[in-house]
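One file, target18.pdb, carrying PDB, C-alpha atoms, pLDDT in the B column:
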```pdb
ATOM      1  CA  MET A   1      80.054  86.363  95.517  1.00 40.00           C
ATOM      2  CA  SER A   2      83.429  87.134  97.041  1.00 50.00           C
ATOM      3  CA  LYS A   3      86.590  85.998  95.338  1.00 76.00           C
ATOM      4  CA  LEU A   4      88.514  86.215  98.588  1.00 83.00           C
ATOM      5  CA  THR A   5      89.657  82.602  98.607  1.00 89.00           C
ATOM      6  CA  ARG A   6      93.224  82.586  99.985  1.00 94.00           C
ATOM      7  CA  ILE A   7      94.351  84.291 103.188  1.00 96.00           C
ATOM      8  CA  MET A   8      97.773  84.265 104.813  1.00 97.00           C
ATOM      9  CA  ILE A   9      97.885  84.972 108.550  1.00 97.00           C
ATOM     10  CA  VAL A  10     101.214  85.999 110.077  1.00 97.00           C
ATOM     11  CA  GLU A  11     100.630  86.096 113.826  1.00 95.00           C
ATOM     12  CA  ASP A  12     102.834  84.736 116.606  1.00 94.00           C
ATOM     13  CA  ASP A  13     100.066  84.517 119.217  1.00 92.00           C
ATOM     14  CA  PRO A  14      98.282  81.177 118.720  1.00 93.00           C
ATOM     15  CA  MET A  15      95.075  82.422 120.399  1.00 90.00           C
ATOM     16  CA  ASP A  16      94.812  85.450 118.115  1.00 90.00           C
ATOM     17  CA  SER A  17      95.712  83.329 115.103  1.00 93.00           C
ATOM     18  CA  ASP A  18      92.998  80.799 115.983  1.00 93.00           C
ATOM     19  CA  LEU A  19      90.421  83.575 116.414  1.00 91.00           C
ATOM     20  CA  PHE A  20      91.295  84.987 112.993  1.00 93.00           C
ATOM     21  CA  VAL A  21      90.922  81.559 111.412  1.00 95.00           C
ATOM     22  CA  ARG A  22      87.621  80.867 113.186  1.00 94.00           C
ATOM     23  CA  PHE A  23      86.008  84.141 112.151  1.00 94.00           C
ATOM     24  CA  PHE A  24      87.349  84.102 108.587  1.00 94.00           C
ATOM     25  CA  ARG A  25      86.002  80.557 108.140  1.00 95.00           C
ATOM     26  CA  LYS A  26      82.660  81.595 109.635  1.00 94.00           C
ATOM     27  CA  ARG A  27      82.298  84.221 106.909  1.00 93.00           C
ATOM     28  CA  LEU A  28      84.123  82.285 104.162  1.00 92.00           C
ATOM     29  CA  PRO A  29      83.676  78.547 104.808  1.00 93.00           C
ATOM     30  CA  ASP A  30      85.731  77.471 101.778  1.00 93.00           C
ATOM     31  CA  VAL A  31      88.612  79.913 102.278  1.00 93.00           C
ATOM     32  CA  LYS A  32      92.128  78.486 102.203  1.00 95.00           C
ATOM     33  CA  ILE A  33      94.155  79.815 105.131  1.00 96.00           C
ATOM     34  CA  GLU A  34      97.891  79.547 105.641  1.00 96.00           C
ATOM     35  CA  LYS A  35      99.137  80.380 109.149  1.00 96.00           C
ATOM     36  CA  PHE A  36     102.671  81.413 109.968  1.00 96.00           C
ATOM     37  CA  TYR A  37     104.038  82.239 113.404  1.00 96.00           C
ATOM     38  CA  SER A  38     106.985  84.206 112.012  1.00 96.00           C
ATOM     39  CA  ALA A  39     107.492  86.735 109.244  1.00 96.00           C
ATOM     40  CA  ASP A  40     110.638  84.888 108.147  1.00 95.00           C
ATOM     41  CA  ASN A  41     108.669  81.701 107.444  1.00 94.00           C
ATOM     42  CA  ALA A  42     105.876  83.575 105.688  1.00 95.00           C
ATOM     43  CA  LEU A  43     108.356  85.407 103.464  1.00 93.00           C
ATOM     44  CA  SER A  44     110.158  82.139 102.669  1.00 91.00           C
ATOM     45  CA  ARG A  45     106.847  80.620 101.586  1.00 91.00           C
ATOM     46  CA  LEU A  46     105.970  83.649  99.454  1.00 91.00           C
ATOM     47  CA  ASN A  47     109.363  83.412  97.774  1.00 84.00           C
ATOM     48  CA  PHE A  48     108.838  79.643  97.293  1.00 70.00           C
ATOM     49  CA  GLU A  49     112.014  78.922  99.281  1.00 59.00           C
ATOM     50  CA  THR A  50     110.331  76.158 101.281  1.00 53.00           C
ATOM     51  CA  ILE A  51     108.707  74.485  98.272  1.00 51.00           C
ATOM     52  CA  ASP A  52     110.255  71.990  95.890  1.00 55.00           C
ATOM     53  CA  PRO A  53     111.202  74.138  92.874  1.00 55.00           C
ATOM     54  CA  GLU A  54     110.618  71.161  90.588  1.00 58.00           C
ATOM     55  CA  GLY A  55     107.048  70.819  91.843  1.00 55.00           C
ATOM     56  CA  ASP A  56     104.274  71.527  89.377  1.00 56.00           C
ATOM     57  CA  ASP A  57     101.808  72.779  91.954  1.00 63.00           C
ATOM     58  CA  LEU A  58     103.293  75.978  93.335  1.00 65.00           C
ATOM     59  CA  PRO A  59     100.712  77.536  95.623  1.00 76.00           C
ATOM     60  CA  PRO A  60      99.141  80.773  94.417  1.00 84.00           C
ATOM     61  CA  ASP A  61      99.762  84.029  96.203  1.00 89.00           C
ATOM     62  CA  PRO A  62      97.287  84.853  98.955  1.00 94.00           C
ATOM     63  CA  ASP A  63      94.520  87.338  98.204  1.00 93.00           C
ATOM     64  CA  ILE A  64      95.437  89.208 101.395  1.00 95.00           C
ATOM     65  CA  ILE A  65      97.948  88.928 104.214  1.00 97.00           C
ATOM     66  CA  VAL A  66      96.771  89.524 107.777  1.00 97.00           C
ATOM     67  CA  LEU A  67      99.827  90.607 109.749  1.00 97.00           C
ATOM     68  CA  ASP A  68     100.788  91.310 113.350  1.00 95.00           C
ATOM     69  CA  LEU A  69     103.520  93.918 113.804  1.00 94.00           C
ATOM     70  CA  GLY A  70     105.041  92.683 117.063  1.00 91.00           C
ATOM     71  CA  LEU A  71     106.589  89.463 115.825  1.00 92.00           C
ATOM     72  CA  SER A  72     109.778  87.958 117.195  1.00 89.00           C
ATOM     73  CA  GLY A  73     112.621  87.745 114.696  1.00 92.00           C
ATOM     74  CA  MET A  74     111.694  89.855 111.685  1.00 93.00           C
ATOM     75  CA  ASP A  75     109.035  92.294 112.871  1.00 93.00           C
ATOM     76  CA  GLY A  76     105.963  93.227 110.865  1.00 95.00           C
ATOM     77  CA  GLN A  77     107.344  96.567 109.655  1.00 96.00           C
ATOM     78  CA  VAL A  78     110.390  94.874 108.107  1.00 96.00           C
ATOM     79  CA  PHE A  79     108.136  92.226 106.549  1.00 97.00           C
ATOM     80  CA  ILE A  80     105.995  94.927 104.921  1.00 97.00           C
ATOM     81  CA  ARG A  81     109.062  96.706 103.509  1.00 97.00           C
ATOM     82  CA  LYS A  82     110.480  93.441 102.140  1.00 96.00           C
ATOM     83  CA  LEU A  83     107.174  92.503 100.534  1.00 95.00           C
ATOM     84  CA  ARG A  84     106.755  95.945  98.976  1.00 96.00           C
ATOM     85  CA  GLY A  85     110.345  95.810  97.726  1.00 94.00           C
ATOM     86  CA  ASN A  86     109.672  92.603  95.789  1.00 92.00           C
ATOM     87  CA  GLU A  87     108.147  93.298  92.379  1.00 91.00           C
ATOM     88  CA  HIS A  88     106.463  89.868  92.304  1.00 88.00           C
ATOM     89  CA  LEU A  89     104.835  90.227  95.732  1.00 92.00           C
ATOM     90  CA  ARG A  90     104.108  93.932  96.171  1.00 92.00           C
ATOM     91  CA  HIS A  91     100.588  93.575  94.751  1.00 92.00           C
ATOM     92  CA  ILE A  92      99.360  91.524  97.736  1.00 94.00           C
ATOM     93  CA  PRO A  93      97.264  93.644 100.133  1.00 95.00           C
ATOM     94  CA  ILE A  94      98.520  93.693 103.719  1.00 96.00           C
ATOM     95  CA  VAL A  95      96.019  94.148 106.549  1.00 96.00           C
ATOM     96  CA  VAL A  96      97.723  94.809 109.877  1.00 96.00           C
ATOM     97  CA  ILE A  97      96.003  93.815 113.112  1.00 92.00           C
ATOM     98  CA  SER A  98      98.194  94.692 116.057  1.00 86.00           C
ATOM     99  CA  GLY A  99      98.187  95.723 119.685  1.00 83.00           C
ATOM    100  CA  SER A 100     100.168  98.797 118.626  1.00 75.00           C
ATOM    101  CA  GLY A 101      97.749  99.576 115.769  1.00 65.00           C
ATOM    102  CA  GLY A 102      96.057 102.266 117.837  1.00 72.00           C
ATOM    103  CA  ASN A 103      99.275 104.271 118.229  1.00 85.00           C
ATOM    104  CA  ARG A 104      99.241 107.162 115.755  1.00 88.00           C
ATOM    105  CA  ASP A 105     102.996 107.059 115.009  1.00 91.00           C
ATOM    106  CA  VAL A 106     102.944 103.291 114.529  1.00 90.00           C
ATOM    107  CA  ARG A 107      99.942 103.569 112.182  1.00 91.00           C
ATOM    108  CA  GLN A 108     101.676 106.300 110.189  1.00 94.00           C
ATOM    109  CA  ASP A 109     104.880 104.250 109.880  1.00 95.00           C
ATOM    110  CA  THR A 110     102.882 101.166 108.931  1.00 95.00           C
ATOM    111  CA  TYR A 111     101.063 102.984 106.134  1.00 96.00           C
ATOM    112  CA  SER A 112     104.324 104.609 105.004  1.00 97.00           C
ATOM    113  CA  ASN A 113     105.900 101.155 104.741  1.00 97.00           C
ATOM    114  CA  GLY A 114     103.056 100.017 102.481  1.00 97.00           C
ATOM    115  CA  ALA A 115     100.278  98.458 104.565  1.00 97.00           C
ATOM    116  CA  ASN A 116      96.806  98.751 103.070  1.00 95.00           C
ATOM    117  CA  ALA A 117      94.877  98.819 106.370  1.00 94.00           C
ATOM    118  CA  VAL A 118      95.706  98.964 110.073  1.00 95.00           C
ATOM    119  CA  PHE A 119      93.463  97.770 112.896  1.00 93.00           C
ATOM    120  CA  GLN A 120      93.950  97.842 116.661  1.00 91.00           C
ATOM    121  CA  ASN A 121      93.671  94.380 118.242  1.00 88.00           C
ATOM    122  CA  PRO A 122      90.101  94.061 119.508  1.00 88.00           C
ATOM    123  CA  ASP A 123      89.350  93.514 123.189  1.00 89.00           C
ATOM    124  CA  THR A 124      86.491  91.033 122.846  1.00 91.00           C
ATOM    125  CA  ARG A 125      85.522  88.111 120.637  1.00 90.00           C
ATOM    126  CA  ASP A 126      82.537  90.077 119.330  1.00 93.00           C
ATOM    127  CA  GLU A 127      84.880  92.887 118.293  1.00 93.00           C
ATOM    128  CA  TYR A 128      87.159  90.332 116.573  1.00 90.00           C
ATOM    129  CA  GLU A 129      84.196  88.957 114.660  1.00 92.00           C
ATOM    130  CA  THR A 130      83.037  92.444 113.635  1.00 94.00           C
ATOM    131  CA  MET A 131      86.537  93.429 112.526  1.00 93.00           C
ATOM    132  CA  ILE A 132      86.989  90.239 110.472  1.00 94.00           C
ATOM    133  CA  GLY A 133      83.554  90.852 108.917  1.00 93.00           C
ATOM    134  CA  SER A 134      84.688  94.338 107.867  1.00 93.00           C
ATOM    135  CA  ILE A 135      87.868  92.931 106.344  1.00 92.00           C
ATOM    136  CA  VAL A 136      85.947  90.242 104.435  1.00 92.00           C
ATOM    137  CA  ASP A 137      83.354  92.720 103.177  1.00 90.00           C
ATOM    138  CA  PHE A 138      85.898  95.274 101.954  1.00 89.00           C
ATOM    139  CA  TRP A 139      88.641  93.006 100.597  1.00 83.00           C
ATOM    140  CA  GLY A 140      86.170  90.542  99.108  1.00 79.00           C
ATOM    141  CA  LYS A 141      84.773  93.332  96.950  1.00 76.00           C
ATOM    142  CA  THR A 142      88.225  94.755  96.177  1.00 73.00           C
ATOM    143  CA  VAL A 143      89.664  91.402  95.118  1.00 64.00           C
ATOM    144  CA  LYS A 144      86.548  90.730  93.022  1.00 53.00           C
ATOM    145  CA  MET A 145      86.902  94.080  91.235  1.00 51.00           C
ATOM    146  CA  ALA A 146      90.622  93.526  90.599  1.00 49.00           C
ATOM    147  CA  SER A 147      90.101  90.059  89.061  1.00 47.00           C
TER     148      SER A 147
END
```

Please express what this file holds, its structure, as structure tokens.
Amino acid sequence: MSKLTRIMIVEDDPMDSDLFVRFFRKRLPDVKIEKFYSADNALSRLNFETIDPEGDDLPPDPDIIVLDLGLSGMDGQVFIRKLRGNEHLRHIPIVVISGSGGNRDVRQDTYSNGANAVFQNPDTRDEYETMIGSIVDFWGKTVKMAS
């Protein structure tokens, strides 16, 4: 049984974001998904800046972050560097799914910045579903082993 229970999606395209959610929920019906349309908002949430500091129920870190690189405002590369530079957040795996993910230089930079996996945006819904299945299969086992 997978222990992949919390996923953060940082994607500014609502259609792509909705596809990610649909296919993750198809494979993991009980998964908790947080969606952010900007890296700034996602980073604020991870740093608990948007949560009442007196609250008793601080949300747990996500098991993985699914990230687009081409975000407006803070782009995905900067987000990765900021996350990896934070000792409390650097443990969270980052899976990049981006239209520029097929570019060799972009992939190399993305891995150098600290991403754990890089995928090219799929062209069809079937390819999206297959890609999400691969992510669930791999990271579900990895998270389970790390627990």

Write out as a PyMOL selection string each polymer residue whose atoms come within 8 Å of Ala39 in chain A, counting all atoms listed in the file; drop sequence neighbours fewer than 3 positions from it.
chain A and resi 10+36+42-43+71+73-76+79

Within 10 Å of (102.4, 101.0, 110.6), in the coordinates the file gives, what residues turn up when you count all atoms listed in the file, written out as a list in words?
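These residues have at least one counted atom within 10 Å: Leu69, Gly76, Gln77, Ile80, Val96, Ile97, Ser98, Ser100, Gly101, Gly102, Asn103, Arg104, Asp105, Val106, Arg107, Gln108, Asp109, Thr110, Tyr111, Ser112, Asn113, Gly114, Ala115, Asn116, Ala117, Val118 and Phe119 of chain A.
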
With the file shown as input, list the residues that the PyMOL selection byres ((chain A and resi 62) around 8) selects, as a PyMOL selection string.
chain A and resi 5-8+60-61+63-65+92

Between CA of Asp18 in chain A and CA of Val78 in chain A lies a distance of 23.7 Å

Check which residues satisfy the PyMOL selection byres ((chain A and resi 136) around 12) in the file shown, then give them as an NGL selection string.
:A and (1-7 or 20 or 23-29 or 31 or 63-64 or 66 or 95 or 129-135 or 137-144)

Please produce an output containing C-alpha atoms for each residue in the selection, written as a PDB file, keeping the file's coordinate frame.
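After the write, out23.pdb holds the following:
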```
ATOM      1  CA  MET A   1      80.054  86.363  95.517  1.00 40.00           C
ATOM      2  CA  SER A   2      83.429  87.134  97.041  1.00 50.00           C
ATOM      3  CA  LYS A   3      86.590  85.998  95.338  1.00 76.00           C
ATOM      4  CA  LEU A   4      88.514  86.215  98.588  1.00 83.00           C
ATOM      5  CA  THR A   5      89.657  82.602  98.607  1.00 89.00           C
ATOM      6  CA  ARG A   6      93.224  82.586  99.985  1.00 94.00           C
ATOM      7  CA  ILE A   7      94.351  84.291 103.188  1.00 96.00           C
ATOM      8  CA  PHE A  20      91.295  84.987 112.993  1.00 93.00           C
ATOM      9  CA  PHE A  23      86.008  84.141 112.151  1.00 94.00           C
ATOM     10  CA  PHE A  24      87.349  84.102 108.587  1.00 94.00           C
ATOM     11  CA  ARG A  25      86.002  80.557 108.140  1.00 95.00           C
ATOM     12  CA  LYS A  26      82.660  81.595 109.635  1.00 94.00           C
ATOM     13  CA  ARG A  27      82.298  84.221 106.909  1.00 93.00           C
ATOM     14  CA  LEU A  28      84.123  82.285 104.162  1.00 92.00           C
ATOM     15  CA  PRO A  29      83.676  78.547 104.808  1.00 93.00           C
ATOM     16  CA  VAL A  31      88.612  79.913 102.278  1.00 93.00           C
ATOM     17  CA  ASP A  63      94.520  87.338  98.204  1.00 93.00           C
ATOM     18  CA  ILE A  64      95.437  89.208 101.395  1.00 95.00           C
ATOM     19  CA  VAL A  66      96.771  89.524 107.777  1.00 97.00           C
ATOM     20  CA  VAL A  95      96.019  94.148 106.549  1.00 96.00           C
ATOM     21  CA  GLU A 129      84.196  88.957 114.660  1.00 92.00           C
ATOM     22  CA  THR A 130      83.037  92.444 113.635  1.00 94.00           C
ATOM     23  CA  MET A 131      86.537  93.429 112.526  1.00 93.00           C
ATOM     24  CA  ILE A 132      86.989  90.239 110.472  1.00 94.00           C
ATOM     25  CA  GLY A 133      83.554  90.852 108.917  1.00 93.00           C
ATOM     26  CA  SER A 134      84.688  94.338 107.867  1.00 93.00           C
ATOM     27  CA  ILE A 135      87.868  92.931 106.344  1.00 92.00           C
ATOM     28  CA  ASP A 137      83.354  92.720 103.177  1.00 90.00           C
ATOM     29  CA  PHE A 138      85.898  95.274 101.954  1.00 89.00           C
ATOM     30  CA  TRP A 139      88.641  93.006 100.597  1.00 83.00           C
ATOM     31  CA  GLY A 140      86.170  90.542  99.108  1.00 79.00           C
ATOM     32  CA  LYS A 141      84.773  93.332  96.950  1.00 76.00           C
ATOM     33  CA  THR A 142      88.225  94.755  96.177  1.00 73.00           C
ATOM     34  CA  VAL A 143      89.664  91.402  95.118  1.00 64.00           C
ATOM     35  CA  LYS A 144      86.548  90.730  93.022  1.00 53.00           C
TER      36      LYS A 144
END
```

Could you jot down the CA of Pro59 in chain A to CA of Ile33 in chain A separation for me, Å, one decimal place?
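So the two atoms, CA of Pro59 in chain A and CA of Ile33 in chain A, lie 11.8 Å apart.
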
CA of Glu34 in chain A to CA of Thr124 in chain A, straight-line distance in Å
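According to the coordinates, CA of Thr124 in chain A and CA of Glu34 in chain A are separated by 23.6 Å.
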
Output check: residues returned by the PyMOL selection byres ((chain A and resi 12) around 9), as a compact mmCIF listing (two decimals) with C-alpha atoms, keeping the file's coordinate frame:
```txt
# COMPACT_ATOMS: atom_id res chain seq x y z
CA VAL A 10 101.21 86.00 110.08
CA GLU A 11 100.63 86.10 113.83
CA ASP A 13 100.07 84.52 119.22
CA PRO A 14 98.28 81.18 118.72
CA MET A 15 95.08 82.42 120.40
CA ASP A 16 94.81 85.45 118.12
CA SER A 17 95.71 83.33 115.10
CA PHE A 36 102.67 81.41 109.97
CA TYR A 37 104.04 82.24 113.40
CA SER A 38 106.98 84.21 112.01
CA ALA A 39 107.49 86.74 109.24
CA ASP A 68 100.79 91.31 113.35
CA GLY A 70 105.04 92.68 117.06
CA LEU A 71 106.59 89.46 115.82
CA SER A 72 109.78 87.96 117.20
```

Box along x, y and z, 8 Å on every side, all listed atoms of range 128-145 of chain A inside: centre and edge lengths in Å to one decimal, as lines of an AutoDock Vina configuration file.
```
center_x = 86.4
center_y = 92.1
center_z = 103.9
size_x = 22.6
size_y = 22.3
size_z = 41.3
```

So, with all atoms listed in the file as the atoms that count, which of A:Ile94, A:Leu89, A:Leu19, A:Leu83 lies closest to Asn121 in chain A?
A:Leu19

Pick out the closest residue to Phe48 in chain A from this set: A:Arg125, A:His88, A:Lys32, A:Arg22. Count only C-alpha atoms.
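For Phe48 in chain A, the nearest of the candidates is A:His88.
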